[in-house]
Each structure stands twice: as structure tokens, then as C-alpha cells.
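*Asks:* Dropping in protein-v3.csv, with CSV, C-alpha atoms and all ligand atoms.
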```csv
chain,number,residue,atom,x,y,z
E,24,MET,CA,-84.3,105.4,215.9
E,25,GLN,CA,-80.7,105.0,215.2
E,26,ILE,CA,-78.4,107.5,213.4
E,27,ILE,CA,-75.6,105.8,211.4
E,28,THR,CA,-72.7,107.7,210.0
E,29,THR,CA,-70.5,105.0,208.4
E,30,LYS,CA,-71.0,102.6,205.5
E,31,LYS,CA,-69.7,99.7,207.6
E,32,GLU,CA,-72.3,100.3,210.4
E,33,LEU,CA,-75.0,100.7,207.8
E,34,GLN,CA,-74.1,97.4,206.1
E,35,CYS,CA,-74.1,95.7,209.5
E,36,GLN,CA,-77.6,96.9,210.3
E,37,VAL,CA,-78.8,96.0,206.7
E,38,GLU,CA,-77.4,92.5,207.1
E,39,ALA,CA,-79.1,92.1,210.5
E,40,CYS,CA,-82.5,93.1,208.9
E,41,LYS,CA,-82.0,90.9,205.9
E,42,SER,CA,-81.0,87.9,208.1
E,43,GLN,CA,-84.3,88.3,209.9
E,44,GLY,CA,-86.2,88.3,206.6
E,45,LYS,CA,-87.3,91.9,207.0
E,46,THR,CA,-88.3,94.0,204.0
E,47,ILE,CA,-86.5,97.3,203.7
E,48,GLY,CA,-87.8,100.7,202.5
E,49,LEU,CA,-85.3,103.4,201.6
E,50,VAL,CA,-86.0,107.2,201.3
E,51,PRO,CA,-83.0,109.0,199.9
E,52,THR,CA,-83.0,112.7,200.9
E,53,MET,CA,-80.7,115.7,201.2
E,54,GLY,CA,-82.2,116.7,204.6
E,55,ALA,CA,-83.9,120.0,205.4
E,56,LEU,CA,-87.0,117.7,205.6
E,57,HIS,CA,-90.5,118.9,205.2
E,58,ALA,CA,-94.0,117.5,204.9
E,59,GLY,CA,-93.2,116.2,201.4
E,60,HIS,CA,-90.4,114.0,202.7
E,61,ALA,CA,-92.5,113.0,205.7
E,62,SER,CA,-95.2,111.7,203.3
E,63,LEU,CA,-92.5,109.5,201.6
E,64,VAL,CA,-91.2,108.2,204.9
E,65,ARG,CA,-94.7,107.5,206.2
E,66,ARG,CA,-95.4,105.5,203.1
E,67,ALA,CA,-92.1,103.6,203.4
E,68,VAL,CA,-92.8,102.9,207.1
E,69,SER,CA,-96.3,101.5,206.2
E,70,GLU,CA,-95.1,99.3,203.3
E,71,ASN,CA,-92.0,97.8,204.7
E,72,ASP,CA,-90.8,96.1,207.9
E,73,VAL,CA,-88.0,98.7,208.4
E,74,CYS,CA,-87.4,102.2,206.9
E,75,PHE,CA,-84.0,103.7,206.3
E,76,VAL,CA,-83.7,107.4,205.4
E,77,SER,CA,-80.5,108.8,204.1
E,78,VAL,CA,-79.7,112.4,204.8
E,79,PHE,CA,-76.8,113.5,202.6
E,80,VAL,CA,-76.3,116.7,200.7
E,81,ASN,CA,-74.6,115.1,197.7
E,82,PRO,CA,-71.8,117.4,196.4
E,83,THR,CA,-71.5,115.6,193.1
E,84,GLN,CA,-74.9,116.6,191.9
E,85,PHE,CA,-74.4,120.3,192.4
E,86,ASN,CA,-72.9,122.2,189.5
E,87,ASN,CA,-73.1,125.4,191.3
E,88,LYS,CA,-70.8,125.8,194.4
E,89,GLU,CA,-72.9,128.6,195.9
E,90,ASP,CA,-76.1,126.5,195.7
E,91,LEU,CA,-74.2,123.6,197.5
E,92,ALA,CA,-72.9,126.0,200.2
E,93,LEU,CA,-76.4,127.5,200.8
E,94,TYR,CA,-78.3,124.2,200.8
E,95,PRO,CA,-80.0,124.1,204.2
E,96,ARG,CA,-78.7,121.6,206.7
E,97,ASP,CA,-80.1,120.7,210.1
E,98,LEU,CA,-79.6,117.0,211.0
E,99,GLN,CA,-80.9,117.4,214.6
E,100,ARG,CA,-84.2,118.8,213.4
E,101,ASP,CA,-84.4,116.2,210.6
E,102,ALA,CA,-83.7,113.4,213.1
E,103,GLU,CA,-86.5,114.6,215.5
E,104,LEU,CA,-89.0,114.6,212.6
E,105,LEU,CA,-87.9,111.2,211.4
E,106,ASN,CA,-88.2,109.8,214.9
E,107,THR,CA,-91.8,111.0,215.3
E,108,ILE,CA,-92.9,109.4,212.0
E,109,GLY,CA,-91.4,106.0,212.7
E,110,ALA,CA,-88.2,105.7,210.6
E,111,GLN,CA,-85.9,103.1,212.2
E,112,TYR,CA,-82.5,104.2,210.7
E,113,VAL,CA,-81.0,107.5,209.5
E,114,PHE,CA,-77.9,107.2,207.4
E,115,ALA,CA,-76.1,110.6,207.6
E,116,PRO,CA,-72.5,110.2,206.2
E,117,THR,CA,-70.0,112.9,205.5
E,118,PRO,CA,-68.9,113.4,201.9
E,119,GLU,CA,-65.6,111.8,202.8
E,120,GLU,CA,-67.3,108.7,204.1
E,121,MET,CA,-69.4,108.4,200.9
E,122,TYR,CA,-66.7,109.1,198.3
E,123,THR,CA,-62.9,108.9,197.9
E,124,ALA,CA,-61.3,112.1,196.7
E,125,GLU,CA,-61.1,110.5,193.3
E,126,GLU,CA,-64.8,109.6,193.2
E,127,MET,CA,-65.7,113.2,194.3
E,128,ASN,CA,-64.1,114.6,191.1
E,129,GLU,CA,-64.8,111.7,188.8
E,130,THR,CA,-67.1,112.5,185.8
E,131,PHE,CA,-69.6,109.7,185.3
E,132,HIS,CA,-71.2,109.1,182.0
E,133,PHE,CA,-74.3,107.0,182.5
E,134,ASP,CA,-76.5,106.4,179.5
E,135,PHE,CA,-80.0,107.6,180.3
E,136,GLY,CA,-81.4,107.0,176.8
E,137,GLY,CA,-81.8,110.8,176.2
E,138,LEU,CA,-83.8,111.4,179.4
E,139,ASP,CA,-81.1,113.6,180.7
E,140,LYS,CA,-80.7,115.8,177.6
E,141,VAL,CA,-83.7,118.0,178.3
E,142,MET,CA,-84.9,120.4,181.0
E,143,GLU,CA,-82.9,120.0,184.2
E,144,GLY,CA,-80.3,117.9,182.4
E,145,LYS,CA,-79.7,120.6,179.8
E,146,MET,CA,-79.6,123.4,182.4
E,147,ARG,CA,-77.5,121.6,185.0
E,148,PRO,CA,-74.8,119.6,183.1
E,149,GLY,CA,-73.7,116.6,185.1
E,150,HIS,CA,-76.5,116.9,187.7
E,151,PHE,CA,-78.1,113.6,187.0
E,152,ASN,CA,-74.8,111.7,186.8
E,153,GLY,CA,-74.2,112.9,190.4
E,154,VAL,CA,-77.7,111.9,191.4
E,155,VAL,CA,-77.3,108.4,190.0
E,156,GLN,CA,-73.9,108.1,191.4
E,157,VAL,CA,-75.2,108.6,195.0
E,158,VAL,CA,-78.5,106.8,194.5
E,159,SER,CA,-77.0,103.7,193.0
E,160,ARG,CA,-74.4,103.7,195.9
E,161,LEU,CA,-77.3,103.9,198.4
E,162,PHE,CA,-79.1,101.0,196.6
E,163,TYR,CA,-75.9,98.9,196.8
E,164,LEU,CA,-75.5,99.7,200.5
E,165,VAL,CA,-79.1,99.4,201.7
E,166,GLN,CA,-80.4,96.8,199.2
E,167,PRO,CA,-83.9,98.1,199.7
E,168,ASP,CA,-87.0,96.3,198.5
E,169,ARG,CA,-88.6,99.6,197.7
E,170,ALA,CA,-87.2,103.1,197.3
E,171,TYR,CA,-89.4,106.3,197.5
E,172,PHE,CA,-89.0,109.5,195.4
E,173,GLY,CA,-91.2,112.5,195.0
E,174,GLU,CA,-92.8,113.4,191.7
E,175,LYS,CA,-91.8,117.1,192.2
E,176,ASP,CA,-88.5,116.0,190.7
E,177,PHE,CA,-90.2,114.2,187.9
E,178,GLN,CA,-87.2,114.0,185.6
E,179,GLN,CA,-85.1,112.6,188.4
E,180,LEU,CA,-87.7,109.9,189.1
E,181,ALA,CA,-87.8,109.0,185.4
E,182,ILE,CA,-84.0,108.7,185.2
E,183,ILE,CA,-83.8,106.6,188.4
E,184,ARG,CA,-86.6,104.3,187.0
E,185,PHE,CA,-84.6,104.0,183.8
E,186,MET,CA,-81.4,103.2,185.6
E,187,VAL,CA,-83.1,100.5,187.6
E,188,GLU,CA,-85.2,98.9,184.8
E,189,ARG,CA,-83.3,99.3,181.6
E,190,SER,CA,-79.7,100.3,182.0
E,191,ALA,CA,-76.7,98.1,182.1
E,192,LEU,CA,-77.3,97.8,185.8
E,193,ALA,CA,-80.7,96.0,185.3
E,194,GLY,CA,-80.8,93.0,187.5
E,195,THR,CA,-78.2,94.4,189.9
E,196,PHE,CA,-80.8,95.6,192.3
E,197,GLY,CA,-82.8,92.4,192.4
E,198,THR,CA,-86.5,93.1,192.8
E,199,LEU,CA,-86.1,96.8,193.9
E,200,GLN,CA,-89.3,98.7,193.2
E,201,ILE,CA,-89.2,102.5,192.6
E,202,VAL,CA,-92.2,104.2,194.2
E,203,GLY,CA,-93.1,107.6,192.9
E,204,CYS,CA,-95.2,109.7,195.3
E,205,PRO,CA,-97.3,112.8,194.5
E,206,ILE,CA,-96.2,116.4,195.1
E,207,VAL,CA,-97.1,117.7,198.5
E,208,ARG,CA,-98.3,121.4,198.4
E,209,GLU,CA,-98.9,124.0,201.0
E,210,GLU,CA,-102.6,125.0,201.2
E,211,SER,CA,-101.6,128.0,199.1
E,212,GLY,CA,-100.5,125.6,196.3
E,213,LEU,CA,-96.8,126.2,196.7
E,214,ALA,CA,-95.0,122.9,196.1
E,215,LEU,CA,-93.0,121.9,199.2
E,216,SER,CA,-89.2,122.1,198.7
E,217,SER,CA,-86.2,122.4,201.0
E,218,ARG,CA,-85.3,125.5,199.0
E,219,ASN,CA,-88.5,127.3,200.2
E,220,GLU,CA,-86.6,127.8,203.5
E,221,ARG,CA,-84.4,130.3,201.6
E,222,LEU,CA,-87.4,132.4,200.5
E,223,THR,CA,-88.4,135.6,202.4
E,224,ASP,CA,-92.1,135.9,203.4
E,225,ASP,CA,-92.6,138.3,200.4
E,226,GLU,CA,-90.9,135.9,198.0
E,227,LYS,CA,-93.1,133.1,199.3
E,228,GLN,CA,-96.1,135.1,198.4
E,229,THR,CA,-94.7,136.0,195.0
E,230,ALA,CA,-93.8,132.3,194.3
E,231,LEU,CA,-97.5,131.4,194.6
E,232,ALA,CA,-98.0,132.6,191.0
E,233,ILE,CA,-96.0,129.5,189.8
E,234,SER,CA,-98.5,126.8,191.0
E,235,ARG,CA,-101.5,129.1,190.4
E,236,THR,CA,-100.4,129.5,186.7
E,237,LEU,CA,-99.7,125.8,186.3
E,238,PHE,CA,-103.2,124.9,187.6
E,239,GLU,CA,-104.8,127.5,185.4
E,240,SER,CA,-103.0,126.1,182.4
E,241,ARG,CA,-105.1,122.9,182.6
E,242,GLU,CA,-108.0,125.1,181.6
E,243,TRP,CA,-106.0,126.7,178.8
E,244,ALA,CA,-105.1,123.2,177.5
E,245,LYS,CA,-108.8,122.6,176.7
E,246,THR,CA,-108.7,125.2,173.9
E,247,GLN,CA,-105.1,125.9,173.0
E,248,SER,CA,-102.2,124.1,171.5
E,249,VAL,CA,-99.2,122.8,173.5
E,250,LYS,CA,-97.0,125.6,172.1
E,251,GLU,CA,-99.5,128.3,173.0
E,252,VAL,CA,-99.9,127.0,176.5
E,253,GLU,CA,-96.1,126.7,177.0
E,254,LYS,CA,-95.8,130.4,175.9
E,255,ARG,CA,-98.7,131.6,178.0
E,256,VAL,CA,-97.5,129.9,181.2
E,257,ALA,CA,-94.0,131.3,180.7
E,258,ASP,CA,-95.3,134.8,179.9
E,259,THR,CA,-97.8,134.8,182.8
E,260,ILE,CA,-95.1,133.8,185.4
E,261,ASN,CA,-92.5,136.2,183.9
E,262,ALA,CA,-95.0,139.1,184.2
E,263,VAL,CA,-94.9,138.7,188.0
E,264,GLU,CA,-92.2,141.0,189.4
E,265,GLY,CA,-89.5,138.9,191.1
E,266,LEU,CA,-90.1,135.7,189.0
E,267,GLU,CA,-88.0,134.6,186.1
E,268,VAL,CA,-88.8,131.4,184.2
E,269,GLU,CA,-85.7,129.4,183.2
E,270,TYR,CA,-87.8,127.0,181.1
E,271,TYR,CA,-91.3,125.7,180.9
E,272,GLU,CA,-91.6,122.6,178.7
E,273,ILE,CA,-94.6,120.3,178.1
E,274,VAL,CA,-93.2,116.9,177.4
E,275,ASP,CA,-94.3,113.3,177.1
E,276,LYS,CA,-94.4,111.8,180.6
E,277,THR,CA,-92.6,108.6,179.5
E,278,THR,CA,-89.9,109.8,177.1
E,279,LEU,CA,-89.6,113.4,178.5
E,280,GLN,CA,-89.3,114.5,174.8
E,281,PRO,CA,-91.3,117.5,173.5
E,282,THR,CA,-94.9,116.6,172.5
E,283,ASP,CA,-97.6,118.3,170.6
E,284,THR,CA,-100.4,116.7,172.4
E,285,PHE,CA,-101.6,116.9,176.0
E,286,HIS,CA,-102.2,113.2,176.1
E,287,ASN,CA,-99.8,111.6,178.7
E,288,ALA,CA,-98.1,115.1,179.0
E,289,ILE,CA,-96.5,116.9,181.9
E,290,GLY,CA,-95.4,120.5,182.1
E,291,CYS,CA,-92.2,121.1,184.0
E,292,VAL,CA,-91.1,124.5,185.1
E,293,THR,CA,-88.1,126.0,186.7
E,294,VAL,CA,-88.4,129.6,188.0
E,295,TYR,CA,-86.0,131.9,189.8
E,296,CYS,CA,-87.7,133.6,192.7
E,297,GLY,CA,-85.1,136.1,193.6
E,298,LYS,CA,-82.0,134.0,193.9
E,299,VAL,CA,-83.8,130.8,194.7
E,300,ARG,CA,-84.3,128.3,191.9
E,301,LEU,CA,-87.7,126.5,192.3
E,302,ILE,CA,-89.1,123.7,190.3
E,303,ASP,CA,-92.7,122.4,189.9
E,304,ASN,CA,-94.8,120.5,187.4
E,305,ILE,CA,-98.3,119.8,186.4
E,306,GLN,CA,-99.7,116.7,184.7
E,307,TYR,CA,-102.3,117.1,182.0
E,308,GLU,CA,-104.4,114.2,180.7
E,309,ALA,CA,-103.7,110.9,182.3
S,401,LIG,O1,-84.1,114.5,195.4
S,401,LIG,C1,-83.1,114.6,196.2
S,401,LIG,O2,-83.2,115.1,197.3
S,401,LIG,C2,-81.7,114.1,195.7
S,401,LIG,O3,-81.6,114.4,194.4
S,401,LIG,C3,-81.5,112.7,196.1
S,401,LIG,C4,-82.4,111.7,195.4
S,401,LIG,C5,-81.6,112.4,197.6
S,401,LIG,C6,-80.1,112.3,195.7
S,401,LIG,O4,-79.1,113.0,196.4
```
Any chance you could give the structure as C-alpha cells?
*Replies:*
Amino acid sequence: MQIITTKKELQCQVEACKSQGKTIGLVPTMGALHAGHASLVRRAVSENDVCFVSVFVNPTQFNNKEDLALYPRDLQRDAELLNTIGAQYVFAPTPEEMYTAEEMNETFHFDFGGLDKVMEGKMRPGHFNGVVQVVSRLFYLVQPDRAYFGEKDFQQLAIIRFMVERSALAGTFGTLQIVGCPIVREESGLALSSRNERLTDDEKQTALAISRTLFESREWAKTQSVKEVEKRVADTINAVEGLEVEYYEIVDKTTLQPTDTFHNAIGCVTVYCGKVRLIDNIQYEA
């Protein structure tokens, strides 16, 4: 496995792969890799001739400086994991390699057709602009045939699909296919997240109430309205000491707009467990 730190070297390797007619899978990550990332990489390895994984804590998608500073980083450990699961290339640039000083401070205004006006987009202004800024750059550099994203960040996945399929950039990325992969959970139900590293053992126990409540809510959905279930989920989680719900919204899976039916619906939650901001979601009827 090769670790690449410059865009020039990355493009050299990409060109070499393309000239040999190899298909490329890309898994964009911010590092602090866990079994959820590993499942994306394994899939990318199995569906493509070569797999590139980017490890880059993207400063432009953080609207909270403390969150950026505290984001866990351990490239050595990430590289060891990626090597064992068969990734061929790791792209781990510095922020200065990725962006000019101007780009770092530039405010992008992508049109996401309203997908960014709800939930995470509402709570973290500018977040999805930063995500799309880095993801589109990675797409340009790596020219992947397939790119893999986890469904835990469901809104992010919807926005990236939108960008690729319907925005002004449509056509730019050729036949790029965006592959969404299911949430990976601990046996306890806790959705895997790099942020879990920041939880104490007690907080990890406390956080179990999040997934437990989401799974229970599928039962509640059989007899209660969307509004009632939304309230009951938020109330149940808030009743646990140490947890504070930022939002729980049941939305249409395609438009991400509020819905009053469970058909094609997904419930997305953000909860503070102590100082750590966790997200999770649950899909209702298919
Ligand atoms: O989901 C993430 O880890 C990040 O938002 C991504 C897609 C790697 C962009 O920085």
C-alpha cells in the first residue's frame, strides 16, 4: 500500500491506473477509521481493480473550531488498518496541499435544491458547502468509477448524490456511481463513529439509549403519527441523564423534507452525549 501526500503524485498514480484500464474505487474519509469505514473499503476493494482512500480532516466543513481541533487523528493506525484490508493507495494531504489560503476561507454557495436547508444543514451553516468542496475536489483528482459513503451521514449522502446527478456539475464526473453503504453498529446498537473515541466508558453506555430508542420507535410508528413519534423519541432520549437531543426529524428519504407519513421515511437524530455530538438514523417503511 502506498501513502501519497501530494496532488501531483496522486494524479500520477491515477493516470497510471487509468492507462492500464483499471477501475477505481474511492473512499473519502477523515481518518480515525473504524469498522464502518472498513466495510466501505472492503466493498470498494471487491468492486474495483484499485481502491484509493483519502484521509483528510477537512477544515472547511467544520463550523466549530473546537470540534476541528478535537477531531481524532492517527494516520499510522489508519494506514495499518487500510493495509490489512487491501486498499492500494492512501491519499493523506495537509490542508495547505489541498487548498490555497484563499480557498480555505472562501464561502461556496452550491445549490443543493433545499436538501441542505434542514437538519445538519440548519444546525451547521456552511457544513455541506465544505463537504462538497472537498468531495468534488477528490472526484476531480481521483476520477473514480465508484465512490463509497456511509448511510449514517444520510443527509451528506443525499447531497453528494444530488451534486453528482442533478447539479450544474452533472456530466463532469463521467459515469461516477455513488454507492451508499448501511450503518455499521456495535453489538450494543451504537452506531460506529470516529467521535465515539471521545466518549468515556460511562458515556458510551449512556449513548446506547439513542439507537435503542430509534429501534423502539419502529414499533411506535405502527400506531402513532409522525409528530407523536418525533416527540416521543426526543422525550425518551432527553429523559436520559447526560443526553440532549439537538433535533429529531422524520423526513422523506428522497427530498429530506418533513413528512406526515412513514412511507419512504427516515428519522434523523443528533444528540449531545456530554460534549460529543453524535448522529444516527433509522429507516421506517421501505
Ligand atoms: O463523512 C466524512 O467523513 C466527511 O464528511 C467526508 C465525506 C470524508 C468529507 O470530508
*Asks:* Show me which residues sit within 6 Å of ligand LIG 401 (chain S) when counting all atoms listed in the file, and put them as a VMD selection string.
*Replies:* chain E and resid 51 to 53 81 154 158
*Asks:* So, with only C-alpha atoms as the atoms that count, which of E:Tyr295, E:Ala124, E:Glu239, E:Leu180 lies closest to Leu222 in chain E?
*Replies:*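 Checking each of E:Tyr295, E:Ala124, E:Glu239, E:Leu180 against Leu222 in chain E, counting only C-alpha atoms, the winner is E:Tyr295.
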*Asks:* Set the distance at 9 Å and use all atoms listed in the file: which residues neighbour range 279-281 of chain E once local chain neighbours fewer than 5 positions away are removed? I'd like the list as an MDAnalysis selection string.
*Replies:* chainID E and resid 137:139 141:142 178 181 272:274 288:289
*Asks:* Considering only C-alpha atoms, state which residue in the set E:Ser217, E:Gln179, E:Gln228, E:Ser77 is at the smallest distance from Gly59 in chain E.
*Replies:*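 Smallest separation from Gly59 in chain E among the options: E:Ser217.
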*Asks:* Choose the residue, out of E:Gln306, E:Asn106, E:Thr117, E:Ser216, that has the smallest atom-to-atom separation from His60 in chain E; count all atoms listed in the file.
*Replies:*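 Of all the options, E:Ser216 lies closest to His60 in chain E.
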*Asks:* From the options E:Ala55, E:Val80, E:Ile201, E:Cys35, which residue's atoms come nearest to Val157 in chain E, counting only C-alpha atoms?
*Replies:*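 Smallest separation from Val157 in chain E among the options: E:Val80.
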*Asks:* Give me the residues within 12 Å of Arg235 in chain E as a list in words, counting all atoms listed in the file and dropping any in the same chain fewer than 2 places off.
*Replies:* Arg208, Glu210, Ser211, Gly212, Leu213, Ala214, Gln228, Thr229, Ala230, Leu231, Ala232, Ile233, Leu237, Phe238, Glu239, Ser240, Arg241, Glu242, Val256, Thr259, Ile260, Val263, Asp303, Asn304 and Ile305 of chain E
*Asks:* Rounded to one decimal in Å, what is the spacing between CA of Lys31 in chain E and CA of Cys74 in chain E?
*Replies:*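 These atoms are spaced 17.9 Å apart.
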*Asks:* Check the smallest atom-to-atom distance from each of E:Leu93, E:Val187, E:Val37, E:Met121 to Ser159 in chain E using all atoms listed in the file, then report the winner.
*Replies:*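 Distance minimum relative to Ser159 in chain E lands on E:Val187.
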*Asks:* Between E:Arg189, E:Arg160, E:His150, E:His286, which has the minimum distance to Asp134 in chain E (counting all atoms listed in the file)?
*Replies:* E:Arg189
*Asks:* Excluding Val165 in chain E and residues on its chain fewer than 4 positions from it, collect all residues at most 12 Å away from it, counting all atoms listed in the file, and give them as a PyMOL selection string.
*Replies:* chain E and resi 30-41+46-51+73-77+112-114+158-161+169-170+196+199
*Asks:* Report, in Å with one decimal, the straight-line distance from CA of Asn219 in chain E to CA of Tyr307 in chain E.
*Replies:* 25.0 Å
*Asks:* In Å, how far is it from CA of Pro205 in chain E to CA of Gly144 in chain E?
*Replies:* 21.5 Å
*Asks:* For a quick check of your reading of the model, name the residues lying within 12 Å of the coordinate (-87.7, 128.9, 182.4), counting all atoms listed in the file, and write them as number ranges by chain.
*Replies:* E: 142-143, 145-146, 233, 253-254, 256-261, 266-273, 290-296, 300-303
*Asks:* Please produce a file of those selected residues containing C-alpha atoms, as a CSV table (one decimal), in the frame of the given file.
*Replies:*
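So the final result, stored in part.csv, reads:
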```csv
chain,number,residue,atom,x,y,z
E,142,MET,CA,-84.9,120.4,181.0
E,143,GLU,CA,-82.9,120.0,184.2
E,145,LYS,CA,-79.7,120.6,179.8
E,146,MET,CA,-79.6,123.4,182.4
E,233,ILE,CA,-96.0,129.5,189.8
E,253,GLU,CA,-96.1,126.7,177.0
E,254,LYS,CA,-95.8,130.4,175.9
E,256,VAL,CA,-97.5,129.9,181.2
E,257,ALA,CA,-94.0,131.3,180.7
E,258,ASP,CA,-95.3,134.8,179.9
E,259,THR,CA,-97.8,134.8,182.8
E,260,ILE,CA,-95.1,133.8,185.4
E,261,ASN,CA,-92.5,136.2,183.9
E,266,LEU,CA,-90.1,135.7,189.0
E,267,GLU,CA,-88.0,134.6,186.1
E,268,VAL,CA,-88.8,131.4,184.2
E,269,GLU,CA,-85.7,129.4,183.2
E,270,TYR,CA,-87.8,127.0,181.1
E,271,TYR,CA,-91.3,125.7,180.9
E,272,GLU,CA,-91.6,122.6,178.7
E,273,ILE,CA,-94.6,120.3,178.1
E,290,GLY,CA,-95.4,120.5,182.1
E,291,CYS,CA,-92.2,121.1,184.0
E,292,VAL,CA,-91.1,124.5,185.1
E,293,THR,CA,-88.1,126.0,186.7
E,294,VAL,CA,-88.4,129.6,188.0
E,295,TYR,CA,-86.0,131.9,189.8
E,296,CYS,CA,-87.7,133.6,192.7
E,300,ARG,CA,-84.3,128.3,191.9
E,301,LEU,CA,-87.7,126.5,192.3
E,302,ILE,CA,-89.1,123.7,190.3
E,303,ASP,CA,-92.7,122.4,189.9
```
*Asks:* Give me the residues near Gly109 in chain E as a count of residues only, where near means some atom within 9 Å (using only C-alpha atoms) and where sequence neighbours in that chain fewer than 6 positions away do not count.
*Replies:* 5
*Asks:* Around (-68.2, 110.1, 189.8) in the file's own coordinates, what residues are found within 8 Å if you use all atoms listed in the file, given back as an MDAnalysis selection string?
*Replies:* chainID E and resid 83 125:131 152:153 156
*Asks:* Could you give me range 195-203 of chain E completed to all heavy atoms, formatted as a PDB file, keeping the file's coordinate frame?
*Replies:*
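What follows is the written file out_7.pdb:
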```pdb
ATOM      1  N   THR E 195     -79.110  94.177 188.740  1.00  0.00           N
ATOM      2  CA  THR E 195     -78.200  94.400 189.900  1.00  0.00           C
ATOM      3  C   THR E 195     -78.945  94.598 191.161  1.00  0.00           C
ATOM      4  O   THR E 195     -78.484  94.200 192.219  1.00  0.00           O
ATOM      5  CB  THR E 195     -77.333  95.642 189.596  1.00  0.00           C
ATOM      6  OG1 THR E 195     -76.834  95.539 188.284  1.00  0.00           O
ATOM      7  CG2 THR E 195     -76.216  95.763 190.595  1.00  0.00           C
ATOM      8  N   PHE E 196     -80.075  95.275 191.069  1.00  0.00           N
ATOM      9  CA  PHE E 196     -80.800  95.600 192.300  1.00  0.00           C
ATOM     10  C   PHE E 196     -81.924  94.678 192.616  1.00  0.00           C
ATOM     11  O   PHE E 196     -82.862  95.038 193.325  1.00  0.00           O
ATOM     12  CB  PHE E 196     -81.268  97.082 192.217  1.00  0.00           C
ATOM     13  CG  PHE E 196     -80.165  98.069 191.982  1.00  0.00           C
ATOM     14  CD1 PHE E 196     -80.162  98.878 190.867  1.00  0.00           C
ATOM     15  CD2 PHE E 196     -79.123  98.169 192.885  1.00  0.00           C
ATOM     16  CE1 PHE E 196     -79.127  99.778 190.640  1.00  0.00           C
ATOM     17  CE2 PHE E 196     -78.080  99.063 192.669  1.00  0.00           C
ATOM     18  CZ  PHE E 196     -78.085  99.865 191.544  1.00  0.00           C
ATOM     19  N   GLY E 197     -81.852  93.469 192.078  1.00  0.00           N
ATOM     20  CA  GLY E 197     -82.800  92.400 192.400  1.00  0.00           C
ATOM     21  C   GLY E 197     -84.248  92.914 192.096  1.00  0.00           C
ATOM     22  O   GLY E 197     -84.527  93.373 190.997  1.00  0.00           O
ATOM     23  N   THR E 198     -85.098  92.827 193.089  1.00  0.00           N
ATOM     24  CA  THR E 198     -86.500  93.100 192.800  1.00  0.00           C
ATOM     25  C   THR E 198     -86.872  94.537 193.285  1.00  0.00           C
ATOM     26  O   THR E 198     -88.035  94.825 193.545  1.00  0.00           O
ATOM     27  CB  THR E 198     -87.399  92.126 193.608  1.00  0.00           C
ATOM     28  OG1 THR E 198     -86.989  92.175 194.983  1.00  0.00           O
ATOM     29  CG2 THR E 198     -87.258  90.728 193.065  1.00  0.00           C
ATOM     30  N   LEU E 199     -85.883  95.383 193.412  1.00  0.00           N
ATOM     31  CA  LEU E 199     -86.100  96.800 193.900  1.00  0.00           C
ATOM     32  C   LEU E 199     -87.251  97.434 193.094  1.00  0.00           C
ATOM     33  O   LEU E 199     -87.248  97.458 191.865  1.00  0.00           O
ATOM     34  CB  LEU E 199     -84.837  97.566 193.721  1.00  0.00           C
ATOM     35  CG  LEU E 199     -84.964  99.096 193.869  1.00  0.00           C
ATOM     36  CD1 LEU E 199     -85.489  99.472 195.243  1.00  0.00           C
ATOM     37  CD2 LEU E 199     -83.617  99.755 193.619  1.00  0.00           C
ATOM     38  N   GLN E 200     -88.180  97.983 193.836  1.00  0.00           N
ATOM     39  CA  GLN E 200     -89.300  98.700 193.200  1.00  0.00           C
ATOM     40  C   GLN E 200     -89.143 100.185 193.507  1.00  0.00           C
ATOM     41  O   GLN E 200     -88.918 100.570 194.656  1.00  0.00           O
ATOM     42  CB  GLN E 200     -90.585  98.164 193.868  1.00  0.00           C
ATOM     43  CG  GLN E 200     -91.854  98.567 193.201  1.00  0.00           C
ATOM     44  CD  GLN E 200     -93.046  98.209 194.097  1.00  0.00           C
ATOM     45  OE1 GLN E 200     -92.988  97.289 194.914  1.00  0.00           O
ATOM     46  NE2 GLN E 200     -94.107  98.961 193.959  1.00  0.00           N
ATOM     47  N   ILE E 201     -89.236 100.999 192.446  1.00  0.00           N
ATOM     48  CA  ILE E 201     -89.200 102.500 192.600  1.00  0.00           C
ATOM     49  C   ILE E 201     -90.576 102.982 192.782  1.00  0.00           C
ATOM     50  O   ILE E 201     -91.414 102.782 191.901  1.00  0.00           O
ATOM     51  CB  ILE E 201     -88.470 103.124 191.423  1.00  0.00           C
ATOM     52  CG1 ILE E 201     -87.055 102.562 191.210  1.00  0.00           C
ATOM     53  CG2 ILE E 201     -88.432 104.644 191.577  1.00  0.00           C
ATOM     54  CD1 ILE E 201     -86.102 102.800 192.358  1.00  0.00           C
ATOM     55  N   VAL E 202     -90.812 103.665 193.887  1.00  0.00           N
ATOM     56  CA  VAL E 202     -92.200 104.200 194.200  1.00  0.00           C
ATOM     57  C   VAL E 202     -92.181 105.682 194.035  1.00  0.00           C
ATOM     58  O   VAL E 202     -91.462 106.382 194.755  1.00  0.00           O
ATOM     59  CB  VAL E 202     -92.610 103.758 195.600  1.00  0.00           C
ATOM     60  CG1 VAL E 202     -94.052 104.192 195.859  1.00  0.00           C
ATOM     61  CG2 VAL E 202     -92.432 102.267 195.830  1.00  0.00           C
ATOM     62  N   GLY E 203     -92.970 106.175 193.080  1.00  0.00           N
ATOM     63  CA  GLY E 203     -93.100 107.600 192.900  1.00  0.00           C
ATOM     64  C   GLY E 203     -94.289 108.123 193.734  1.00  0.00           C
ATOM     65  O   GLY E 203     -95.346 107.499 193.738  1.00  0.00           O
TER      66      GLY E 203
END
```
